[in-house]
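Just my_file.txt here, compact mmCIF, C-alpha atoms and all ligand atoms:
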# COMPACT_ATOMS: atom_id res chain seq x y z
CA MET A 157 -10.72 -4.71 -40.24
CA THR A 158 -9.84 -6.26 -36.86
CA VAL A 159 -6.92 -4.94 -34.78
CA GLY A 160 -6.22 -8.54 -33.82
CA THR A 161 -7.06 -11.08 -31.14
CA LEU A 162 -6.81 -10.68 -27.38
CA VAL A 163 -6.83 -13.53 -24.88
CA PHE A 164 -8.14 -13.02 -21.33
CA TYR A 165 -7.07 -14.97 -18.26
CA SER A 166 -8.02 -14.30 -14.64
CA ASP A 167 -9.43 -16.45 -11.85
CA PHE A 168 -10.75 -13.33 -10.12
CA ASP A 169 -12.02 -10.92 -12.76
CA ASP A 170 -15.23 -11.15 -14.80
CA PHE A 171 -14.54 -11.94 -18.45
CA GLY A 172 -17.94 -10.66 -19.67
CA VAL A 173 -17.53 -7.28 -17.97
CA TRP A 174 -13.98 -6.81 -19.31
CA LYS A 175 -15.02 -7.88 -22.80
CA GLU A 176 -17.86 -5.38 -22.88
CA ALA A 177 -15.65 -2.58 -21.51
CA LEU A 178 -12.92 -3.24 -24.10
CA LEU A 179 -15.34 -3.58 -27.02
CA ALA A 180 -16.79 -0.17 -26.14
CA HIS A 181 -13.36 1.29 -27.02
CA LEU A 182 -12.23 -1.18 -29.68
CA PRO A 183 -15.23 -2.78 -31.41
CA SER A 184 -12.98 -4.55 -33.94
CA LEU A 185 -10.95 -6.41 -31.30
CA LYS A 186 -11.55 -10.16 -31.21
CA ILE A 187 -11.61 -11.19 -27.53
CA LEU A 188 -11.30 -14.80 -26.39
CA HIS A 189 -11.38 -16.36 -22.98
CA SER A 190 -8.30 -18.55 -22.45
CA HIS A 191 -10.60 -21.62 -22.40
CA ASP A 192 -11.50 -20.88 -26.01
CA ILE A 193 -8.03 -20.46 -27.54
CA GLY A 194 -7.82 -22.51 -30.71
CA ASP A 195 -4.37 -21.86 -32.13
CA PRO A 196 -2.10 -19.93 -29.67
CA ALA A 197 -0.24 -18.54 -32.70
CA GLU A 198 -3.33 -16.40 -33.48
CA ILE A 199 -3.06 -14.38 -30.25
CA ASP A 200 -1.79 -10.80 -30.56
CA TYR A 201 -2.49 -9.43 -27.07
CA ALA A 202 -2.90 -10.96 -23.60
CA LEU A 203 -4.88 -9.40 -20.74
CA VAL A 204 -3.94 -11.56 -17.80
CA TRP A 205 -3.82 -11.92 -14.03
CA LYS A 206 -1.51 -14.68 -12.77
CA PRO A 207 -1.64 -16.98 -15.81
CA PRO A 208 -0.29 -20.49 -15.16
CA GLU A 209 3.28 -21.39 -16.18
CA GLY A 210 3.33 -22.36 -19.86
CA PHE A 211 0.40 -20.04 -20.67
CA PHE A 212 2.38 -18.09 -23.28
CA ASP A 213 3.89 -21.19 -24.92
CA ARG A 214 3.38 -21.14 -28.68
CA MET A 215 1.97 -17.55 -28.69
CA THR A 216 4.44 -16.73 -31.43
CA LYS A 217 2.55 -13.63 -32.65
CA LEU A 218 2.13 -12.06 -29.19
CA ARG A 219 2.80 -8.29 -29.26
CA LEU A 220 1.60 -7.03 -25.88
CA ILE A 221 1.00 -8.43 -22.39
CA VAL A 222 -1.28 -6.36 -20.17
CA ASN A 223 -1.10 -7.21 -16.48
CA LEU A 224 -4.61 -7.07 -15.05
CA GLY A 225 -3.38 -5.25 -11.97
CA ALA A 226 -0.45 -3.24 -10.59
CA GLY A 227 2.05 -5.83 -9.35
CA VAL A 228 3.74 -7.66 -12.23
CA ASP A 229 5.59 -10.22 -10.11
CA SER A 230 3.68 -13.16 -11.61
CA LEU A 231 4.87 -12.13 -15.09
CA VAL A 232 8.49 -11.05 -14.83
CA GLY A 233 11.24 -13.62 -15.03
CA ARG A 234 9.09 -16.56 -16.13
CA GLY A 235 10.29 -19.02 -18.72
CA ASP A 236 7.39 -18.96 -21.19
CA LEU A 237 7.50 -15.27 -22.20
CA PRO A 238 8.21 -14.66 -25.86
CA PRO A 239 11.34 -12.48 -26.02
CA GLY A 240 10.91 -8.72 -26.34
CA VAL A 241 7.15 -8.57 -25.80
CA PRO A 242 6.35 -5.49 -23.66
CA ILE A 243 4.55 -6.01 -20.36
CA THR A 244 2.30 -3.16 -19.26
CA ARG A 245 0.39 -2.63 -16.04
CA ILE A 246 -2.86 -0.93 -15.15
CA THR A 247 -2.14 2.66 -14.10
CA ASP A 248 -5.56 3.87 -13.14
CA PRO A 249 -6.29 6.75 -10.72
CA GLN A 250 -9.45 4.92 -9.65
CA MET A 251 -7.41 1.85 -8.71
CA ALA A 252 -5.11 4.15 -6.72
CA ARG A 253 -8.17 5.74 -5.08
CA MET A 254 -9.50 2.33 -4.09
CA MET A 255 -6.14 1.42 -2.55
CA ALA A 256 -5.88 4.76 -0.75
CA GLY A 257 -9.38 4.14 0.66
CA TYR A 258 -8.29 0.80 2.11
CA VAL A 259 -5.08 2.25 3.56
CA LEU A 260 -6.95 5.21 5.07
CA PHE A 261 -9.46 2.82 6.62
CA ALA A 262 -6.70 0.63 8.09
CA VAL A 263 -4.60 3.54 9.39
CA LEU A 264 -7.59 5.36 10.89
CA ARG A 265 -8.79 2.13 12.49
CA HIS A 266 -5.46 1.74 14.28
CA ALA A 267 -4.94 5.44 15.00
CA ARG A 268 -8.42 5.69 16.56
CA ASP A 269 -7.95 2.51 18.64
CA ILE A 270 -10.97 0.85 17.02
CA PRO A 271 -9.65 -2.73 17.62
CA LEU A 272 -9.55 -1.94 21.37
CA PHE A 273 -13.17 -0.75 21.31
CA GLU A 274 -14.28 -3.75 19.22
CA GLN A 275 -12.80 -6.10 21.80
CA ALA A 276 -14.24 -4.10 24.69
CA GLN A 277 -17.70 -4.20 23.11
CA ARG A 278 -17.51 -7.99 22.77
CA SER A 279 -17.04 -8.28 26.52
CA GLY A 280 -19.63 -5.58 27.27
CA GLN A 281 -17.06 -3.14 28.65
CA TRP A 282 -17.05 0.67 28.42
CA VAL A 283 -13.31 1.24 27.84
CA TYR A 284 -12.19 4.86 27.41
CA ARG A 285 -8.90 5.76 25.71
CA HIS A 286 -8.40 9.44 25.00
CA PRO A 287 -7.94 10.07 21.24
CA ARG A 288 -4.69 11.48 19.90
CA SER A 289 -4.68 14.20 17.28
CA PRO A 290 -3.51 12.75 13.92
CA GLU A 291 -0.35 14.87 13.68
CA GLU A 292 0.89 13.12 16.83
CA THR A 293 1.01 9.81 14.94
CA CYS A 294 3.86 9.01 12.56
CA VAL A 295 2.72 6.86 9.64
CA VAL A 296 5.47 5.45 7.41
CA VAL A 297 4.64 4.34 3.86
CA LEU A 298 7.24 2.05 2.23
CA GLY A 299 6.87 2.44 -1.55
CA LEU A 300 5.80 5.70 -3.20
CA GLY A 301 4.65 4.41 -6.57
CA GLN A 302 1.34 4.99 -8.26
CA LEU A 303 -0.59 3.51 -5.35
CA GLY A 304 1.81 4.30 -2.50
CA ALA A 305 2.14 7.99 -3.39
CA LYS A 306 -1.63 8.44 -3.51
CA ALA A 307 -2.06 6.70 -0.14
CA ALA A 308 0.70 8.81 1.44
CA TYR A 309 -0.88 11.99 0.07
CA GLU A 310 -4.33 11.09 1.38
CA LEU A 311 -2.89 10.21 4.80
CA GLN A 312 -1.22 13.61 5.16
CA ARG A 313 -4.52 15.22 4.10
CA GLN A 314 -6.01 13.56 7.19
CA GLY A 315 -3.37 15.33 9.27
CA PHE A 316 -1.03 12.41 9.99
CA ASN A 317 2.72 12.96 10.21
CA VAL A 318 3.59 10.95 7.08
CA VAL A 319 7.05 9.72 6.12
CA GLY A 320 7.39 8.04 2.72
CA TRP A 321 10.25 5.84 1.55
CA SER A 322 11.25 4.78 -1.96
CA ARG A 323 14.25 3.76 -4.03
CA SER A 324 14.79 7.08 -5.78
CA PRO A 325 14.00 10.51 -4.29
CA ARG A 326 10.31 11.55 -4.52
CA GLN A 327 8.39 14.69 -3.68
CA ILE A 328 4.83 14.51 -2.36
CA GLU A 329 3.06 17.52 -0.90
CA GLY A 330 2.98 17.35 2.89
CA VAL A 331 4.98 14.09 3.05
CA GLU A 332 8.57 13.79 4.30
CA CYS A 333 10.12 11.67 1.55
CA LEU A 334 13.28 9.65 2.13
CA SER A 335 15.02 7.20 -0.16
CA GLY A 336 17.68 4.54 -0.30
CA MET A 337 18.53 1.47 1.78
CA GLU A 338 20.72 3.50 4.12
CA THR A 339 17.66 5.31 5.50
CA LEU A 340 15.32 2.30 5.81
CA ASP A 341 16.15 1.19 9.37
CA ASP A 342 15.73 4.71 10.76
CA VAL A 343 12.49 5.21 8.84
CA ILE A 344 11.03 1.99 10.24
CA GLY A 345 12.16 3.00 13.72
CA ARG A 346 9.88 6.06 13.50
CA ALA A 347 6.77 4.19 12.36
CA GLU A 348 3.95 4.10 14.87
CA ILE A 349 1.96 2.77 11.91
CA LEU A 350 3.93 1.07 9.11
CA VAL A 351 2.26 0.64 5.69
CA VAL A 352 4.00 -1.68 3.21
CA MET A 353 3.34 -0.70 -0.43
CA LEU A 354 6.45 -1.97 -2.25
CA PRO A 355 6.49 -4.27 -5.28
CA ILE A 356 8.02 -7.71 -4.73
CA THR A 357 11.32 -8.01 -6.58
CA PRO A 358 14.60 -9.83 -5.89
CA GLU A 359 15.70 -6.66 -4.02
CA THR A 360 12.59 -6.32 -1.87
CA HIS A 361 11.99 -9.99 -1.03
CA ARG A 362 11.80 -10.13 2.82
CA ILE A 363 13.01 -6.53 2.99
CA VAL A 364 10.97 -6.22 6.18
CA HIS A 365 12.85 -8.95 8.03
CA ARG A 366 12.87 -9.79 11.74
CA GLU A 367 15.53 -7.25 12.72
CA ARG A 368 13.65 -4.48 10.91
CA LEU A 369 10.33 -5.49 12.49
CA GLN A 370 12.08 -5.31 15.88
CA LYS A 371 13.02 -1.70 15.12
CA LEU A 372 9.34 -0.69 15.17
CA PRO A 373 8.42 1.24 18.31
CA ARG A 374 6.74 -1.08 20.85
CA GLY A 375 3.00 -1.33 20.17
CA ALA A 376 3.24 -0.12 16.55
CA ALA A 377 0.60 -1.17 14.03
CA PHE A 378 1.62 -2.98 10.85
CA ILE A 379 -0.29 -2.85 7.56
CA ASN A 380 0.66 -4.88 4.45
CA VAL A 381 -1.32 -4.27 1.27
CA ALA A 382 1.45 -5.15 -1.20
CA ARG A 383 2.83 -8.71 -1.16
CA GLY A 384 3.28 -11.21 1.67
CA ALA A 385 6.85 -12.15 0.74
CA LEU A 386 8.06 -8.60 1.45
CA VAL A 387 7.84 -9.50 5.12
CA ASP A 388 9.14 -12.31 7.36
CA GLN A 389 5.67 -13.60 8.26
CA THR A 390 6.93 -15.92 11.02
CA ALA A 391 8.74 -13.04 12.72
CA LEU A 392 5.69 -10.80 12.27
CA THR A 393 3.47 -13.43 13.91
CA GLU A 394 5.85 -13.87 16.85
CA LEU A 395 6.21 -10.13 17.39
CA LEU A 396 2.40 -9.76 17.31
CA GLN A 397 2.15 -12.59 19.86
CA SER A 398 4.73 -10.97 22.13
CA GLY A 399 3.01 -7.56 21.89
CA HIS A 400 6.08 -5.85 20.40
CA ILE A 401 3.86 -5.16 17.39
CA GLY A 402 0.49 -4.10 18.75
CA ALA A 403 -1.79 -4.90 15.84
CA ALA A 404 -1.83 -5.64 12.14
CA THR A 405 -4.04 -5.32 9.09
CA LEU A 406 -2.99 -7.87 6.50
CA ASP A 407 -4.39 -8.12 2.98
CA VAL A 408 -1.53 -10.24 1.58
CA PHE A 409 0.37 -13.28 2.78
CA GLU A 410 3.38 -15.44 1.92
CA LYS A 411 0.93 -18.16 0.88
CA GLU A 412 -2.54 -17.29 -0.37
CA PRO A 413 -5.14 -18.25 0.68
CA LEU A 414 -3.67 -18.06 4.19
CA PRO A 415 -3.66 -21.75 5.24
CA ALA A 416 -6.29 -22.94 7.74
CA GLY A 417 -4.63 -23.22 11.12
CA ASP A 418 -2.17 -20.39 10.56
CA PRO A 419 -1.84 -18.65 13.95
CA LEU A 420 -2.65 -15.28 12.35
CA TRP A 421 -6.28 -16.35 11.84
CA ALA A 422 -7.01 -16.55 15.55
CA MET A 423 -5.16 -13.45 16.73
CA PRO A 424 -7.52 -10.80 18.11
CA ASN A 425 -5.06 -8.02 17.20
CA VAL A 426 -4.98 -9.00 13.51
CA LEU A 427 -7.47 -8.07 10.80
CA ILE A 428 -7.27 -10.32 7.73
CA THR A 429 -8.71 -9.50 4.32
CA PRO A 430 -8.35 -11.78 1.27
CA HIS A 431 -6.09 -9.77 -1.08
CA LEU A 432 -8.55 -7.20 -2.36
CA ALA A 433 -7.29 -3.87 -1.10
CA SER A 434 -7.55 -2.67 -4.68
CA VAL A 435 -8.51 -4.24 -7.98
CA ALA A 436 -8.39 -3.31 -11.66
CA ILE A 437 -11.63 -1.56 -12.60
CA PRO A 438 -12.91 -2.31 -16.15
CA SER A 439 -14.86 0.92 -16.65
CA SER A 440 -11.86 3.13 -15.86
CA SER A 441 -9.01 0.91 -17.15
CA ALA A 442 -10.37 -0.28 -20.49
CA ALA A 443 -9.56 2.99 -22.30
CA GLN A 444 -5.80 2.78 -21.52
CA ILE A 445 -5.67 -0.90 -22.54
CA ALA A 446 -7.47 -0.10 -25.81
CA LYS A 447 -5.11 2.83 -26.41
CA ASN A 448 -2.09 0.56 -25.98
CA ILE A 449 -3.54 -2.04 -28.33
CA ARG A 450 -4.10 0.67 -30.94
CA ARG A 451 -0.54 1.92 -30.47
CA VAL A 452 1.02 -1.53 -30.73
CA SER A 453 -1.10 -2.47 -33.73
CA ALA A 454 0.10 0.78 -35.41
CA GLY A 455 3.71 -0.15 -34.69
CA GLU A 456 4.16 2.39 -31.86
CA ALA A 457 5.60 1.67 -28.42
CA ALA A 458 3.16 0.76 -25.64
CA GLU A 459 2.71 3.08 -22.64
CA ASN A 460 3.10 2.11 -18.97
CA VAL A 461 5.62 -0.59 -19.83
CA ILE A 462 7.32 -2.14 -16.80
CA ASP A 463 11.05 -2.73 -16.62
CA PRO A 464 11.59 -6.52 -16.38
CA ALA A 465 15.16 -6.03 -15.12
CA ARG A 466 13.97 -3.83 -12.24
CA GLY A 467 10.95 -6.07 -11.62
CA TYR A 468 8.26 -3.36 -11.47
P1 LIG B 501 4.86 1.07 -8.36
O1 LIG B 501 4.17 2.19 -9.04
O2 LIG B 501 5.54 0.04 -9.16
O3 LIG B 501 5.91 1.74 -7.36
C1 LIG B 501 6.76 0.99 -6.56
C2 LIG B 501 7.35 1.86 -5.47
O4 LIG B 501 8.22 1.05 -4.68
C3 LIG B 501 8.21 2.99 -6.03
O5 LIG B 501 8.14 4.12 -5.20
C4 LIG B 501 9.61 2.39 -5.99
O6 LIG B 501 10.66 3.33 -5.87
C5 LIG B 501 9.53 1.59 -4.71
N1 LIG B 501 10.56 0.55 -4.72
C6 LIG B 501 10.69 -0.49 -5.58
N2 LIG B 501 11.80 -1.21 -5.29
C7 LIG B 501 12.37 -0.59 -4.24
C8 LIG B 501 13.53 -0.84 -3.49
N3 LIG B 501 14.33 -1.88 -3.74
N4 LIG B 501 13.82 -0.02 -2.46
C9 LIG B 501 13.03 1.04 -2.21
N5 LIG B 501 11.90 1.34 -2.88
C10 LIG B 501 11.59 0.53 -3.88
O7 LIG B 501 3.88 0.30 -7.38
P2 LIG B 501 2.36 0.67 -6.96
O8 LIG B 501 1.49 0.78 -8.13
O9 LIG B 501 2.39 1.81 -6.00
O10 LIG B 501 1.96 -0.68 -6.21
C11 LIG B 501 2.76 -1.24 -5.17
C12 LIG B 501 2.43 -2.70 -4.99
O11 LIG B 501 1.15 -2.85 -4.41
C13 LIG B 501 2.32 -3.52 -6.29
O12 LIG B 501 3.58 -3.89 -6.79
C14 LIG B 501 1.52 -4.71 -5.84
O13 LIG B 501 2.38 -5.74 -5.39
C15 LIG B 501 0.72 -4.19 -4.65
N6 LIG B 501 -0.74 -4.16 -4.90
C16 LIG B 501 -1.54 -4.84 -4.05
C17 LIG B 501 -2.91 -4.79 -4.23
C18 LIG B 501 -3.84 -5.47 -3.26
O14 LIG B 501 -5.01 -5.59 -3.57
N7 LIG B 501 -3.39 -5.90 -2.13
C19 LIG B 501 -3.46 -4.07 -5.30
C20 LIG B 501 -2.60 -3.41 -6.16
C21 LIG B 501 -1.22 -3.45 -5.95
P3 LIG B 501 10.92 4.41 -7.02
O15 LIG B 501 9.82 5.42 -6.80
O16 LIG B 501 12.24 4.94 -6.72
O17 LIG B 501 10.81 3.66 -8.33
C1 LIG B 502 -2.97 -6.73 -6.93
O1 LIG B 502 -2.45 -7.33 -6.04
C2 LIG B 502 -2.25 -6.00 -7.91
O2 LIG B 502 -1.02 -6.06 -7.90
O3 LIG B 502 -2.89 -5.34 -8.75

Turn this file's structure into structure tokens for me.
Ligand code: NAP
Ligand code: GLV
Amino acid sequence: MTVGTLVFYSDFDDFGVWKEALLAHLPSLKILHSHDIGDPAEIDYALVWKPPEGFFDRMTKLRLIVNLGAGVDSLVGRGDLPPGVPITRITDPQMARMMAGYVLFAVLRHARDIPLFEQAQRSGQWVYRHPRSPEETCVVVLGLGQLGAKAAYELQRQGFNVVGWSRSPRQIEGVECLSGMETLDDVIGRAEILVVMLPITPETHRIVHRERLQKLPRGAAFINVARGALVDQTALTELLQSGHIGAATLDVFEKEPLPAGDPLWAMPNVLITPHLASVAIPSSSAAQIAKNIRRVSAGEAAENVIDPARGY
């Protein structure tokens, strides 16, 4: 007997690989690509990354929506969601490890002055800048969720002086954890390297605005691996141009792909990557998706459900 029908939608992820990974855990699951939906009323489960508006229309039997990633901003608050259907996210230690790897790379690159040496090499110059010991550098991580907490932990393991910031109080070994809006300006003011790892919600939209960016110590490095709209991108660009912010590593942007001609493309102190700091990994995530499908099909509550009111 089948546990039901799942529809897959993603412009970035490989349908064949996900199908094989899911079938290994749930051989009786019927899995369709969104192109092949016959009657939407037959769909029980959706495994999706950024489905277009109207995607869920007429999915009257839908029982579970699995976000094919961590950030659920493309799913919450949209008009086509059937009422009461739980939305879950991928919560995979390997996804967190991949993100921590990117953040470590970006922080170490700035802390070890690699952009300076890259530029010097291009002009054939032997430029010496004496390295600082990691504990002399304060790295601030905004957002201590499943990915942010892992990144903060790995950064302190490298010896950095790490300050983490979140909505509610957190405890992470070796990390000074602060919480609440009243501490945010001071926390940013300490950041020689600022790492943005917050979800985008109505509360966090443009939370890193111009005045907050101006609070960064002169020459600070800025890293955004979360969502572009958390930051005032125009202000960021101007502060990078003026040298107030020394350098940036940007994986996410207000508009993606970053439009041709955007001044960020040509800035020597900016490293741009195309929104791939971390991705959902079929081999390690399929088991939790299958487990949730089994639970829902048995009438139990799904795990890792996000709170639509909170937005993450
Ligand atoms: P998460 O588990 O949902 O945790 C979110 C963190 O942000 C929590 O610590 C939360 O505080 C904090 N937060 C939320 N709203 C806040 C507010 N108003 N003020 C202060 N803190 C607030 O998120 P995650 O899994 O770590 O992922 C973070 C984000 O990374 C995702 O939402 C996604 O946008 C982005 N992401 C990007 C990529 C990429 O490839 N670039 C890949 C994966 C994820 P509490 O601890 O108090 O709840
Ligand atoms: C990627 O951006 C994610 O939120 O998983």

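For the choices A:Pro249, A:Pro287, A:Pro325, A:Gly280, the atom-to-atom distance to Leu264 (chain A) is smallest for A:Pro287 when using all atoms listed in the file.
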
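Counting all atoms listed in the file, the residue from A:Leu303, A:Ile449, A:Ala442, A:Ala458 that sits nearest to Leu354 (chain A) is A:Leu303.
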
Contacts of Ala308 (chain A) within 12 Å, all atoms listed in the file, excl. fewer than 2 positions in-chain, as number ranges by chain: A: 252-253, 255-257, 259-260, 263, 294-306, 310-322, 326-333, 350-353

Within 6 Å of ligand LIG 502 (chain B) (all atoms listed in the file), residues as number ranges by chain: A: 225-227, 435

Find the spatial neighbours of Trp205 (chain A), counting all atoms listed in the file, within a cut-off of 10 Å - ignore same-chain residues fewer than 2 positions away - and output them as a short mmCIF file (atom, residue, chain, number, x, y, z; two decimals) with C-alpha atoms, in the coordinates of the input.
data_model
loop_
_atom_site.label_atom_id
_atom_site.label_comp_id
_atom_site.auth_asym_id
_atom_site.auth_seq_id
_atom_site.Cartn_x
_atom_site.Cartn_y
_atom_site.Cartn_z
CA PHE A 164 -8.14 -13.02 -21.33
CA TYR A 165 -7.07 -14.97 -18.26
CA SER A 166 -8.02 -14.30 -14.64
CA ASP A 167 -9.43 -16.45 -11.85
CA PHE A 168 -10.75 -13.33 -10.12
CA ASP A 169 -12.02 -10.92 -12.76
CA ALA A 202 -2.90 -10.96 -23.60
CA LEU A 203 -4.88 -9.40 -20.74
CA PRO A 207 -1.64 -16.98 -15.81
CA PRO A 208 -0.29 -20.49 -15.16
CA VAL A 222 -1.28 -6.36 -20.17
CA ASN A 223 -1.10 -7.21 -16.48
CA LEU A 224 -4.61 -7.07 -15.05
CA GLY A 225 -3.38 -5.25 -11.97
CA ALA A 226 -0.45 -3.24 -10.59
CA GLY A 227 2.05 -5.83 -9.35
CA VAL A 228 3.74 -7.66 -12.23
CA SER A 230 3.68 -13.16 -11.61
CA LEU A 231 4.87 -12.13 -15.09
#
